[in-house]
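input_8.txt follows (compact mmCIF, C-alpha atoms and all ligand atoms):
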```txt
# COMPACT_ATOMS: atom_id res chain seq x y z
CA MET A 141 19.58 -10.62 -57.25
CA GLY A 142 21.21 -13.25 -55.07
CA VAL A 143 24.31 -11.08 -54.72
CA LEU A 144 22.25 -8.03 -53.82
CA ARG A 145 20.41 -9.94 -51.10
CA ASN A 146 23.72 -11.08 -49.66
CA VAL A 147 24.85 -7.50 -49.41
CA ILE A 148 21.63 -6.12 -47.92
CA VAL A 149 21.14 -8.70 -45.21
CA PRO A 150 24.52 -8.24 -43.53
CA ALA A 151 24.11 -4.45 -43.79
CA VAL A 152 20.78 -4.60 -41.93
CA PHE A 153 22.25 -7.05 -39.45
CA LEU A 154 25.21 -4.76 -38.80
CA ALA A 155 22.96 -1.76 -38.31
CA VAL A 156 21.00 -3.65 -35.64
CA LEU A 157 24.22 -4.87 -34.05
CA SER A 158 25.78 -1.42 -33.93
CA LEU A 159 22.64 -0.05 -32.26
CA GLN A 160 23.15 -2.56 -29.46
CA VAL A 161 26.85 -1.80 -29.15
CA THR A 162 26.38 1.94 -28.78
CA CYS A 163 23.71 1.52 -26.09
CA GLU A 164 25.86 1.78 -23.02
CA PRO A 165 24.76 0.65 -19.59
CA ARG A 166 24.12 3.20 -16.85
CA SER A 167 27.27 4.45 -15.14
CA TYR A 168 27.67 4.38 -11.37
CA ASP A 169 30.77 6.55 -11.49
CA GLY A 170 31.49 8.00 -8.08
CA TYR A 171 28.44 6.39 -6.46
CA LYS A 172 29.19 5.42 -2.87
CA VAL A 173 27.71 2.90 -0.50
CA ILE A 174 27.63 4.11 3.07
CA ARG A 175 27.10 1.99 6.17
CA ILE A 176 24.86 3.70 8.69
CA LYS A 177 25.18 2.98 12.41
CA VAL A 178 21.61 2.36 13.46
CA ASN A 179 21.12 2.55 17.21
CA SER A 180 17.40 2.64 17.88
CA GLU A 181 13.94 1.89 16.58
CA ASP A 182 13.66 5.63 16.13
CA ASP A 183 16.59 5.57 13.68
CA VAL A 184 14.92 2.75 11.73
CA ARG A 185 11.67 4.70 11.57
CA PHE A 186 13.53 7.78 10.34
CA LEU A 187 15.29 5.80 7.62
CA ARG A 188 12.04 4.16 6.58
CA THR A 189 10.46 7.59 6.18
CA LEU A 190 13.49 8.78 4.24
CA GLN A 191 13.16 5.74 1.98
CA THR A 192 9.45 6.35 1.43
CA SER A 193 9.85 10.08 0.76
CA ASN A 194 12.59 9.53 -1.81
CA GLY A 195 11.50 6.68 -4.04
CA GLN A 196 14.85 6.50 -5.79
CA LEU A 197 16.79 5.89 -2.59
CA ASP A 198 18.50 2.53 -2.93
CA PHE A 199 19.17 0.73 0.33
CA TRP A 200 21.40 -2.17 -0.62
CA ASP A 201 20.68 -3.61 2.80
CA PHE A 202 18.02 -1.83 4.86
CA PRO A 203 18.57 -0.02 7.21
CA SER A 204 22.37 -0.07 7.21
CA ASP A 205 23.79 -0.01 3.66
CA LEU A 206 22.69 2.84 1.42
CA MET A 207 23.91 3.64 -2.09
CA VAL A 208 24.44 7.36 -2.54
CA PRO A 209 24.44 8.81 -6.09
CA THR A 210 27.16 11.41 -6.66
CA ASP A 211 24.74 14.30 -7.19
CA GLN A 212 22.65 13.49 -4.10
CA ALA A 213 25.52 12.89 -1.67
CA ASP A 214 25.34 16.30 0.06
CA THR A 215 21.56 16.24 0.53
CA ILE A 216 21.38 12.66 1.79
CA GLU A 217 24.36 12.98 4.10
CA SER A 218 23.09 16.19 5.68
CA GLN A 219 19.70 14.53 6.29
CA LEU A 220 21.48 11.72 8.14
CA VAL A 221 23.62 14.13 10.14
CA SER A 222 20.57 16.14 11.17
CA GLN A 223 19.06 12.96 12.65
CA GLY A 224 22.31 12.37 14.55
CA LEU A 225 23.16 9.29 12.50
CA LYS A 226 26.79 8.32 11.99
CA PHE A 227 28.02 6.48 8.91
CA ASP A 228 31.18 5.29 7.17
CA VAL A 229 31.87 5.17 3.47
CA TRP A 230 31.82 1.46 2.82
CA ILE A 231 32.26 1.35 -0.98
CA HIS A 232 33.95 4.41 -2.50
CA ASP A 233 33.13 3.91 -6.17
CA VAL A 234 30.44 1.45 -7.23
CA GLN A 235 31.45 1.66 -10.90
CA LYS A 236 34.96 0.49 -10.03
CA LEU A 237 33.49 -2.63 -8.41
CA ILE A 238 31.32 -3.25 -11.46
CA ASP A 239 34.34 -2.91 -13.75
CA GLY A 240 36.21 -5.40 -11.59
CA GLN A 241 33.55 -8.09 -11.17
CA PHE A 242 34.51 -10.28 -14.15
CA THR A 243 37.64 -11.76 -12.60
CA LYS A 244 37.25 -15.08 -14.39
CA SER A 245 35.39 -14.31 -17.63
CA PRO A 246 37.37 -14.70 -20.84
CA LYS A 247 38.84 -11.34 -21.92
CA ASP A 248 37.44 -11.62 -25.46
CA GLY A 249 33.88 -12.08 -24.17
CA PHE A 250 33.08 -8.34 -24.16
CA ASN A 251 32.02 -5.87 -26.83
CA ALA A 252 33.54 -2.43 -27.41
CA ALA A 253 31.21 -0.83 -24.83
CA GLY A 254 32.45 -3.28 -22.21
CA ALA A 255 29.24 -5.34 -22.18
CA ARG A 256 29.41 -9.13 -21.96
CA ILE A 257 28.61 -10.86 -25.23
CA GLN A 258 26.35 -13.85 -25.03
CA SER A 259 28.08 -17.10 -25.87
CA THR A 260 26.92 -18.59 -29.16
CA ASP A 261 28.10 -22.08 -28.25
CA PRO A 262 25.09 -23.90 -26.74
CA HIS A 263 27.36 -26.32 -24.88
CA TYR A 264 29.63 -23.71 -23.41
CA PHE A 265 29.07 -23.37 -19.70
CA ASP A 266 31.57 -22.23 -17.15
CA TYR A 267 30.14 -22.36 -13.62
CA GLU A 268 32.67 -19.88 -12.29
CA ILE A 269 31.55 -16.92 -14.37
CA TYR A 270 28.30 -14.93 -14.53
CA HIS A 271 25.99 -15.66 -17.44
CA ARG A 272 23.47 -13.80 -19.55
CA TRP A 273 19.88 -15.02 -19.21
CA ALA A 274 19.80 -16.87 -22.56
CA GLU A 275 22.88 -18.86 -21.55
CA ILE A 276 21.16 -19.88 -18.32
CA ASP A 277 18.02 -20.86 -20.23
CA GLN A 278 20.18 -23.00 -22.50
CA TRP A 279 21.83 -24.52 -19.42
CA VAL A 280 18.45 -25.77 -18.20
CA LYS A 281 17.84 -27.48 -21.55
CA ASN A 282 21.35 -28.93 -21.68
CA THR A 283 21.15 -30.27 -18.14
CA ALA A 284 17.88 -32.05 -18.83
CA ALA A 285 19.37 -33.52 -22.02
CA LYS A 286 22.53 -34.65 -20.21
CA TYR A 287 20.68 -36.47 -17.40
CA PRO A 288 17.51 -37.77 -19.05
CA THR A 289 16.63 -40.20 -16.25
CA LEU A 290 17.24 -37.72 -13.42
CA ALA A 291 16.33 -34.27 -14.71
CA GLU A 292 13.29 -33.04 -16.57
CA GLU A 293 12.80 -29.52 -17.93
CA PHE A 294 9.48 -27.74 -17.90
CA ILE A 295 8.18 -24.23 -18.49
CA ILE A 296 6.33 -22.66 -15.57
CA GLY A 297 5.12 -19.71 -17.59
CA ARG A 298 6.39 -16.65 -19.44
CA SER A 299 7.73 -13.46 -17.95
CA TYR A 300 6.26 -10.02 -18.61
CA GLU A 301 8.61 -9.66 -21.59
CA LYS A 302 7.75 -13.24 -22.64
CA ARG A 303 10.94 -15.00 -21.58
CA ALA A 304 10.38 -18.67 -20.77
CA MET A 305 10.45 -19.48 -17.06
CA ARG A 306 12.27 -22.75 -17.68
CA ALA A 307 12.80 -24.95 -14.64
CA LEU A 308 14.13 -28.39 -13.76
CA LYS A 309 12.68 -31.26 -11.80
CA VAL A 310 15.54 -33.32 -10.41
CA GLY A 311 15.10 -36.65 -8.68
CA VAL A 312 15.04 -40.44 -8.97
CA ASP A 313 11.80 -42.13 -9.90
CA THR A 314 11.53 -44.75 -7.16
CA GLY A 315 7.86 -45.58 -7.72
CA ASN A 316 7.21 -44.42 -4.15
CA GLU A 317 5.71 -41.19 -2.91
CA LYS A 318 8.34 -38.47 -2.71
CA TRP A 319 8.59 -35.13 -0.99
CA GLY A 320 9.00 -31.93 -2.96
CA ALA A 321 11.63 -29.24 -2.37
CA TRP A 322 11.68 -25.96 -4.23
CA TYR A 323 14.57 -23.57 -4.65
CA ASN A 324 15.07 -20.59 -6.93
CA GLY A 325 17.52 -17.83 -7.58
CA GLY A 326 17.31 -14.44 -9.21
CA ILE A 327 14.06 -13.05 -7.84
CA HIS A 328 16.00 -9.82 -7.35
CA ALA A 329 17.66 -8.98 -10.63
CA ARG A 330 21.00 -7.68 -9.41
CA GLU A 331 21.81 -10.56 -7.05
CA TRP A 332 23.85 -12.40 -9.66
CA VAL A 333 25.47 -14.94 -7.37
CA SER A 334 22.08 -16.52 -6.61
CA PRO A 335 21.35 -17.97 -10.08
CA ALA A 336 25.02 -19.00 -10.29
CA THR A 337 24.73 -20.88 -6.99
CA VAL A 338 21.41 -22.50 -7.89
CA MET A 339 22.91 -23.86 -11.12
CA TRP A 340 26.14 -25.09 -9.56
CA MET A 341 24.35 -26.90 -6.73
CA THR A 342 21.87 -28.53 -9.09
CA ASN A 343 24.65 -29.78 -11.32
CA GLN A 344 26.51 -31.05 -8.27
CA PHE A 345 23.48 -33.06 -7.10
CA LEU A 346 23.40 -34.71 -10.52
CA GLU A 347 27.15 -35.36 -10.64
CA ASP A 348 27.20 -36.71 -7.09
CA TYR A 349 24.29 -39.02 -7.83
CA LYS A 350 26.07 -40.29 -10.93
CA ASN A 351 29.17 -40.92 -8.79
CA ASN A 352 27.12 -42.80 -6.21
CA VAL A 353 27.68 -40.42 -3.33
CA THR A 354 25.51 -42.15 -0.69
CA GLU A 355 24.17 -38.99 0.92
CA VAL A 356 23.01 -37.57 -2.40
CA VAL A 357 21.55 -40.87 -3.61
CA THR A 358 19.34 -40.89 -0.49
CA LEU A 359 18.33 -37.26 -1.02
CA LEU A 360 17.37 -37.71 -4.66
CA GLU A 361 15.45 -40.89 -3.81
CA THR A 362 13.52 -39.02 -1.12
CA PHE A 363 12.99 -35.62 -2.76
CA ASP A 364 12.03 -34.22 -6.10
CA LEU A 365 13.89 -30.94 -6.39
CA TYR A 366 12.15 -28.19 -8.33
CA VAL A 367 14.70 -25.66 -9.50
CA LEU A 368 14.21 -22.28 -11.15
CA PRO A 369 17.55 -20.49 -11.66
CA VAL A 370 16.13 -17.06 -12.53
CA MET A 371 12.73 -16.10 -11.17
CA ASN A 372 12.88 -12.55 -12.56
CA PRO A 373 14.38 -13.06 -16.04
CA ASP A 374 13.45 -9.63 -17.46
CA GLY A 375 15.06 -7.80 -14.58
CA TYR A 376 18.08 -10.08 -14.67
CA GLU A 377 18.76 -9.48 -18.35
CA TYR A 378 18.22 -5.74 -17.82
CA THR A 379 21.04 -5.73 -15.26
CA TRP A 380 23.34 -6.93 -18.05
CA THR A 381 22.22 -4.49 -20.71
CA ASP A 382 21.14 -1.32 -18.92
CA GLU A 383 21.42 -1.05 -15.15
CA ARG A 384 23.68 -3.40 -13.21
CA LEU A 385 21.88 -2.56 -9.98
CA TRP A 386 18.27 -2.96 -11.11
CA ARG A 387 16.29 -4.99 -8.55
CA LYS A 388 12.64 -5.18 -9.61
CA THR A 389 10.65 -6.75 -12.42
CA ARG A 390 10.25 -4.81 -15.70
CA SER A 391 6.48 -4.39 -15.82
CA ILE A 392 4.92 -1.03 -16.67
CA ASN A 393 3.12 0.76 -13.83
CA LEU A 394 -0.03 2.55 -14.98
CA GLY A 395 0.10 6.27 -14.25
CA SER A 396 3.80 6.26 -13.40
CA ASN A 397 7.04 6.70 -15.29
CA CYS A 398 8.74 4.26 -12.92
CA MET A 399 8.84 0.63 -13.94
CA GLY A 400 8.81 -2.62 -12.07
CA THR A 401 7.61 -4.19 -8.85
CA ASP A 402 9.70 -5.69 -6.09
CA PRO A 403 8.74 -9.33 -6.68
CA ASN A 404 9.63 -10.23 -3.11
CA ARG A 405 6.96 -7.86 -1.82
CA ASN A 406 4.34 -9.11 -4.26
CA PHE A 407 3.36 -12.43 -2.65
CA ALA A 408 -0.20 -12.85 -1.41
CA TYR A 409 0.47 -13.21 2.27
CA GLU A 410 0.09 -10.16 4.46
CA TRP A 411 0.71 -8.20 1.26
CA GLY A 412 1.25 -4.47 1.53
CA GLY A 413 2.32 -4.24 5.16
CA ILE A 414 5.55 -3.12 6.75
CA GLY A 415 8.73 -2.88 4.65
CA ALA A 416 6.83 -2.60 1.38
CA SER A 417 6.04 0.59 -0.49
CA ALA A 418 2.95 1.75 -2.38
CA ASP A 419 5.12 4.07 -4.52
CA PRO A 420 5.88 2.59 -7.97
CA CYS A 421 9.21 4.44 -7.96
CA SER A 422 10.39 2.72 -4.78
CA ILE A 423 12.74 -0.24 -5.08
CA VAL A 424 10.49 -2.06 -2.59
CA PHE A 425 7.26 -1.30 -4.50
CA ARG A 426 4.76 -4.02 -3.58
CA GLY A 427 2.95 -3.91 -6.93
CA PRO A 428 -0.62 -2.75 -7.60
CA TYR A 429 -2.11 -5.93 -6.05
CA PRO A 430 -0.86 -9.34 -4.79
CA HIS A 431 0.56 -11.56 -7.54
CA SER A 432 0.29 -8.68 -10.03
CA GLU A 433 3.64 -9.85 -11.40
CA ILE A 434 3.14 -12.68 -13.87
CA GLU A 435 6.36 -14.35 -12.68
CA ILE A 436 5.04 -14.58 -9.10
CA LYS A 437 1.58 -15.65 -10.22
CA ASP A 438 2.91 -18.45 -12.39
CA VAL A 439 5.35 -19.80 -9.82
CA THR A 440 2.82 -19.74 -6.96
CA ASP A 441 0.20 -21.35 -9.21
CA PHE A 442 2.68 -24.08 -10.10
CA ILE A 443 3.65 -24.84 -6.51
CA ARG A 444 0.04 -24.75 -5.34
CA GLU A 445 -1.02 -27.14 -8.10
CA ARG A 446 1.92 -29.51 -7.56
CA GLY A 447 1.37 -29.29 -3.81
CA LYS A 448 -2.04 -30.96 -4.23
CA THR A 449 -0.35 -34.27 -5.04
CA GLN A 450 3.08 -33.90 -3.47
CA LYS A 451 4.01 -32.69 0.00
CA PHE A 452 6.51 -29.84 -0.21
CA LYS A 453 8.93 -29.93 2.71
CA LEU A 454 11.39 -27.21 1.80
CA TYR A 455 11.22 -23.90 -0.02
CA ILE A 456 14.26 -21.67 -0.39
CA ASP A 457 14.43 -18.36 -2.19
CA PHE A 458 18.13 -17.53 -2.73
CA HIS A 459 19.23 -13.90 -2.58
CA SER A 460 22.38 -11.97 -1.89
CA TYR A 461 23.97 -10.41 0.12
CA SER A 462 24.54 -10.48 3.93
CA GLN A 463 25.11 -14.22 4.66
CA LEU A 464 21.81 -14.88 6.37
CA TRP A 465 19.42 -17.82 6.65
CA LEU A 466 15.98 -16.46 7.44
CA SER A 467 12.72 -18.15 8.38
CA SER A 468 9.22 -16.78 8.76
CA TRP A 469 7.84 -14.58 9.83
CA GLY A 470 8.89 -11.63 7.78
CA TYR A 471 5.79 -9.51 8.22
CA THR A 472 5.59 -9.58 12.01
CA TYR A 473 7.95 -9.84 14.97
CA ASP A 474 5.88 -12.76 16.32
CA LEU A 475 7.43 -16.19 15.89
CA PRO A 476 5.68 -18.93 13.89
CA ASP A 477 4.35 -22.10 15.57
CA ASP A 478 7.05 -24.32 14.09
CA TYR A 479 9.90 -21.94 14.90
CA GLU A 480 11.78 -24.38 17.15
CA THR A 481 12.21 -26.99 14.43
CA MET A 482 12.95 -24.27 11.87
CA TYR A 483 15.63 -22.99 14.18
CA ASP A 484 17.15 -26.46 14.54
CA GLN A 485 17.22 -26.86 10.77
CA MET A 486 18.81 -23.46 10.24
CA THR A 487 21.42 -24.36 12.87
CA VAL A 488 22.30 -27.56 11.03
CA GLY A 489 22.41 -25.71 7.70
CA CYS A 490 24.59 -22.87 8.91
CA GLU A 491 27.00 -25.22 10.68
CA ALA A 492 27.40 -27.17 7.45
CA ILE A 493 28.07 -23.91 5.58
CA LYS A 494 30.69 -22.88 8.11
CA SER A 495 32.48 -26.23 7.88
CA VAL A 496 33.39 -25.60 4.22
CA HIS A 497 35.14 -22.20 4.10
CA ASN A 498 34.61 -21.00 7.67
CA LYS A 499 32.03 -18.40 6.65
CA THR A 500 29.44 -17.42 9.25
CA TYR A 501 25.82 -17.19 8.20
CA VAL A 502 23.55 -15.61 10.78
CA TYR A 503 20.12 -17.23 11.15
CA GLY A 504 16.73 -16.71 12.70
CA ALA A 505 13.31 -15.27 11.93
CA GLY A 506 13.50 -12.72 9.12
CA SER A 507 11.84 -9.88 10.98
CA SER A 508 14.21 -10.08 13.96
CA VAL A 509 17.50 -10.78 12.11
CA LEU A 510 17.01 -8.48 9.13
CA TYR A 511 13.98 -6.21 9.05
CA ALA A 512 10.27 -6.70 8.69
CA THR A 513 9.06 -7.27 5.14
CA ALA A 514 5.50 -8.01 4.19
CA GLY A 515 4.50 -9.99 1.10
CA SER A 516 7.71 -12.02 0.86
CA SER A 517 8.19 -15.46 -0.63
CA LYS A 518 9.04 -17.27 2.59
CA ASP A 519 5.89 -16.08 4.36
CA TRP A 520 3.82 -17.23 1.39
CA GLY A 521 5.56 -20.63 1.40
CA TYR A 522 4.90 -21.15 5.10
CA GLY A 523 1.69 -19.22 5.57
CA VAL A 524 -0.21 -20.15 2.43
CA MET A 525 1.39 -23.33 1.11
CA GLY A 526 2.06 -24.83 4.53
CA VAL A 527 5.63 -25.76 3.59
CA PRO A 528 7.07 -26.39 7.06
CA TYR A 529 10.52 -25.10 6.14
CA SER A 530 10.33 -21.97 4.06
CA TYR A 531 13.31 -19.66 3.89
CA THR A 532 15.09 -16.72 2.40
CA VAL A 533 18.83 -17.29 2.18
CA GLU A 534 21.14 -14.35 1.60
CA LEU A 535 24.42 -15.54 0.07
CA ARG A 536 27.85 -13.85 0.17
CA ASP A 537 29.25 -11.44 1.08
CA THR A 538 28.76 -9.17 4.12
CA GLY A 539 29.07 -5.93 2.16
CA GLU A 540 32.63 -5.62 0.90
CA TYR A 541 31.37 -6.08 -2.66
CA GLY A 542 27.66 -6.42 -1.90
CA PHE A 543 25.69 -7.23 -5.05
CA VAL A 544 28.80 -6.93 -7.20
CA LEU A 545 30.53 -10.04 -5.90
CA PRO A 546 33.58 -10.82 -8.05
CA GLU A 547 33.51 -14.03 -10.04
CA ASP A 548 36.32 -15.61 -8.04
CA GLN A 549 33.89 -15.87 -5.11
CA ILE A 550 31.23 -17.78 -7.05
CA LEU A 551 32.75 -21.23 -6.50
CA PRO A 552 33.33 -20.97 -2.72
CA THR A 553 29.82 -19.50 -2.31
CA CYS A 554 28.36 -22.49 -4.19
CA GLN A 555 30.42 -25.04 -2.29
CA GLU A 556 29.42 -23.81 1.14
CA MET A 557 25.76 -23.37 0.24
CA TYR A 558 25.60 -26.87 -1.26
CA ALA A 559 26.71 -28.25 2.11
CA GLY A 560 24.02 -26.15 3.79
CA LEU A 561 21.29 -27.25 1.40
CA LYS A 562 22.16 -30.94 1.69
CA ALA A 563 22.14 -30.63 5.48
CA ALA A 564 18.73 -28.94 5.39
CA LEU A 565 17.27 -31.68 3.19
CA GLN A 566 18.78 -34.41 5.36
CA PHE A 567 17.26 -32.70 8.40
CA ASN A 568 13.83 -33.40 6.93
CA ILE A 569 14.64 -37.10 6.70
CA ASP A 570 15.97 -37.19 10.26
CA ASN A 571 13.02 -35.17 11.58
CA PRO A 572 10.01 -36.19 9.53
CA TYR A 573 7.67 -33.98 11.56
CA PRO A 574 6.20 -31.54 10.64
ZN ZN B 601 17.15 -10.03 -2.67
```

Since I need it in another form, could you write the structure as structure tokens?
Ligand SMILES: [Zn+2]
Amino acid sequence: MGVLRNVIVPAVFLAVLSLQVTCEPRSYDGYKVIRIKVNSEDDVRFLRTLQTSNGQLDFWDFPSDLMVPTDQADTIESQLVSQGLKFDVWIHDVQKLIDGQFTKSPKDGFNAAGARIQSTDPHYFDYEIYHRWAEIDQWVKNTAAKYPTLAEEFIIGRSYEKRAMRALKVGVDTGNEKWGAWYNGGIHAREWVSPATVMWMTNQFLEDYKNNVTEVVTLLETFDLYVLPVMNPDGYEYTWTDERLWRKTRSINLGSNCMGTDPNRNFAYEWGGIGASADPCSIVFRGPYPHSEIEIKDVTDFIRERGKTQKFKLYIDFHSYSQLWLSSWGYTYDLPDDYETMYDQMTVGCEAIKSVHNKTYVYGAGSSVLYATAGSSKDWGYGVMGVPYSYTVELRDTGEYGFVLPEDQILPTCQEMYAGLKAALQFNIDNPYP
């Protein structure tokens, strides 16, 4: 009987395993990304209508960078030409970029279908490669265990597919009142460099504190950092297993075959306005109602609750790509009351970023630098929570690889952003108002 059981169990296990191996991710063979030369408000309006009328249209960066599926190239390009819009082919084959993104991952870390295998070693963590969600979750636990007096893990809630939203609180218990600062990565599933950067920076704060780096000692004595590496874990894992360029959550939309909500259009501040879609098939679908996504509800509940006893000074939602540092407002072209100090802080942050690898990050109010977006995280942070400095930061690059940034750019991205984040935190100490 014992022998029989030994035979059956591996057979079942293998059957399950082979099912996973044969399930190949979506191919982006021949998909292009074109860069559109937008000259007028009229052009923007036209592209917005195009985006709304074709829910599947994937603007990597609205209104300029548009991914064009092979079989839709003729239709889309003739629509652009008829509007008098000019464009260049920016990326010739998206699948080629995807195949080339793992420049630093170990060669034996992939299965026969070319998918990354999850590491089984709980202590294995290489900051210069991209990680599956479970590895990141393990990283949170390991980091808390490694720095028991500085880092504490906690679960904010569970995602739609019941993944733990495991976060870290990092700081020194001084016995005094401390300010809060929140930062997260991975709200948009395909922006892989953002969780990678969030983890690297958090580890660097801890290492620098341990090594008595004066600047960091001051920061961790002044702030409690609340860190969530992946805000949209279901979407993130789906980008590894099924669709590398998935952006939204993975919730089911009643009455539609299209899944997911754009979590960064789901926040309860000016929800549903410009730059958000009511079409569940759109990649900027706002969701059926504000905070419909459990991930957004749980995070906003947490910050609101914690904000009752601790003043949050900084809130950063890390995205990629475009190299931008954006303040409120997103939903309107009007500037917020505190814009002057926000602008000074963004200046300090972007100068610090530039000093590391000479990369330029453009900064300003989201609606004027990028495009208007209603229901975004930064507007919620500023407008609802009253966090004086509430931002969206778009990490590298400026479109050469877009969302598919090769692994050899993870480290420099982290290094420059760490300088920017430290400068932004220090700015709060130097300018205690507001
Ligand atoms: Zn994003």

Could I get the residues of chain A with an atom no further than 7 Å from an atom of ligand ZN 601 (chain B), each paired with its nearest atom pair and that distance in Å to one decimal, using only C-alpha atoms and all ligand atoms, sorted by chain and residue number, as JSON lines?
```
{"residue": "A:Ile327", "atom": "CA", "partner": "B:ZN601", "partner_atom": "ZN", "distance": 6.7}
{"residue": "A:His328", "atom": "CA", "partner": "B:ZN601", "partner_atom": "ZN", "distance": 4.8}
{"residue": "A:Glu331", "atom": "CA", "partner": "B:ZN601", "partner_atom": "ZN", "distance": 6.4}
{"residue": "A:His459", "atom": "CA", "partner": "B:ZN601", "partner_atom": "ZN", "distance": 4.4}
{"residue": "A:Ser460", "atom": "CA", "partner": "B:ZN601", "partner_atom": "ZN", "distance": 5.6}
```

Write the residues of the selection above to a file with C-alpha atoms, as a PDB file, in the frame of the given file.
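Final output, saved to out.pdb:
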```
ATOM      1  CA  ILE A 327      14.060 -13.050  -7.840  1.00  0.00           C
ATOM      2  CA  HIS A 328      16.000  -9.820  -7.350  1.00  0.00           C
ATOM      3  CA  GLU A 331      21.810 -10.560  -7.050  1.00  0.00           C
ATOM      4  CA  HIS A 459      19.230 -13.900  -2.580  1.00  0.00           C
ATOM      5  CA  SER A 460      22.380 -11.970  -1.890  1.00  0.00           C
TER       6      SER A 460
END
```

Exercise for the section: Excluding Asp519 of chain A and any residue of its chain fewer than 5 positions from it, enumerate the residues within 10 Å of it, using only C-alpha atoms, and give them as a VMD selection string. Expected result: chain A and resid 407 to 411 467 to 471 476 506 513 to 514 524 to 527 530 to 532

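Taking only C-alpha atoms into account, Thr381 of chain A lies nearest to A:Arg272 out of the set A:Lys247, A:Lys494, A:Arg188, A:Arg272.
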
Problem - Atomic separation - atom CA of Ile296 of chain A relative to atom CA of His431 of chain A, Å - result: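 Atom CA of His431 of chain A sits 14.9 Å away from atom CA of Ile296 of chain A.
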
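Across A:Gly542, A:Ile423, A:Asn251, A:Gly447, the tightest approach to Leu197 of chain A is made by A:Ile423 when counting all atoms listed in the file.
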
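Excluding segment 553-569 of chain A itself and any same-chain residue fewer than 5 positions from it, the protein and nucleic acid residues within 8 Å of it, counting all atoms listed in the file, are A:Ala336, A:Thr337, A:Val338, A:Trp340, A:Met341, A:Val356, A:Leu359, A:Lys453, A:Leu454, A:Gln485, A:Met486, A:Val488, A:Gly489, A:Cys490, A:Glu491, A:Ala492, A:Ile493, A:Lys494, A:Ser495, A:Val496, A:His497, A:Leu535, A:Arg536.
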
Problem - Non-local contacts of Glu540 of chain A (9 Å; all atoms listed in the file; under 3 positions in same chain excluded) as number ranges by chain - result: A: 230-231, 537, 545

Problem - Selected residue, from A:Tyr376, A:Trp386, A:Trp322, A:Phe363, that lies nearest to Phe458 of chain A when counting all atoms listed in the file - result: A:Trp322

For segment 227-229 of chain A, work out the shell of residues within 8 Å, counting all atoms listed in the file and skipping chain neighbours fewer than 5 positions away, then give it as a PDB file with C-alpha atoms, in the frame of the given file.
```
ATOM      1  CA  LYS A 172      29.190   5.420  -2.870  1.00  0.00           C
ATOM      2  CA  VAL A 173      27.710   2.900  -0.500  1.00  0.00           C
ATOM      3  CA  ILE A 174      27.630   4.110   3.070  1.00  0.00           C
ATOM      4  CA  ARG A 175      27.100   1.990   6.170  1.00  0.00           C
ATOM      5  CA  ILE A 176      24.860   3.700   8.690  1.00  0.00           C
ATOM      6  CA  LYS A 177      25.180   2.980  12.410  1.00  0.00           C
TER       7      LYS A 177
END
```

Practice task
Counting only C-alpha atoms, note down every residue that has an atom within 10 Å of the point (11.3, -1.1, -0.7) (file coordinates), as a PyMOL selection string.
Solution key: chain A and resi 188+191-192+195-199+202+388+401-402+404-405+414-426+513

Listed atoms of segment 461-480 of chain A boxed along x, y and z, 8 Å each side, centre and edge lengths in Å, one decimal, as JSON:
```
{"center_x": 14.7, "center_y": -16.9, "center_z": 8.6, "size_x": 36.8, "size_y": 30.9, "size_z": 33.0}
```

Problem - Test item: residues at most 10 Å from Asp277 of chain A, only C-alpha atoms, excluding those fewer than 3 positions along its chain, as a count of residues only - result: 16

Practice task
Step by step: start from the point (33.1, -1.0, -6.5) in the file's coordinates, keep every protein, DNA or RNA residue that has an atom no farther than 9 Å from it, count all atoms listed in the file, and write the set as a ChimeraX atom specification.
Solution key: /A:171-173,231-241,540-542,544

What does the file look like for those residues with C-alpha atoms, as an mmCIF file, keeping the file's coordinate frame?
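Here's the written file out-v8.cif:
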```cif
data_model
loop_
_atom_site.group_PDB
_atom_site.id
_atom_site.type_symbol
_atom_site.label_atom_id
_atom_site.label_comp_id
_atom_site.auth_asym_id
_atom_site.auth_seq_id
_atom_site.Cartn_x
_atom_site.Cartn_y
_atom_site.Cartn_z
ATOM 1 C CA TYR A 171 28.440 6.390 -6.460
ATOM 2 C CA LYS A 172 29.190 5.420 -2.870
ATOM 3 C CA VAL A 173 27.710 2.900 -0.500
ATOM 4 C CA ILE A 231 32.260 1.350 -0.980
ATOM 5 C CA HIS A 232 33.950 4.410 -2.500
ATOM 6 C CA ASP A 233 33.130 3.910 -6.170
ATOM 7 C CA VAL A 234 30.440 1.450 -7.230
ATOM 8 C CA GLN A 235 31.450 1.660 -10.900
ATOM 9 C CA LYS A 236 34.960 0.490 -10.030
ATOM 10 C CA LEU A 237 33.490 -2.630 -8.410
ATOM 11 C CA ILE A 238 31.320 -3.250 -11.460
ATOM 12 C CA ASP A 239 34.340 -2.910 -13.750
ATOM 13 C CA GLY A 240 36.210 -5.400 -11.590
ATOM 14 C CA GLN A 241 33.550 -8.090 -11.170
ATOM 15 C CA GLU A 540 32.630 -5.620 0.900
ATOM 16 C CA TYR A 541 31.370 -6.080 -2.660
ATOM 17 C CA GLY A 542 27.660 -6.420 -1.900
ATOM 18 C CA VAL A 544 28.800 -6.930 -7.200
#
```

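With all atoms listed in the file as the basis for measurement, A:Leu225 is the residue among A:Ala252, A:Leu346, A:Leu308, A:Leu225 that approaches Asn179 of chain A most closely.
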
Handout entry: Among the residues A:Glu347, A:Asp201, A:Asp169, A:Glu480, the one that comes closest to Thr283 of chain A [using all atoms listed in the file]
Key = A:Glu347
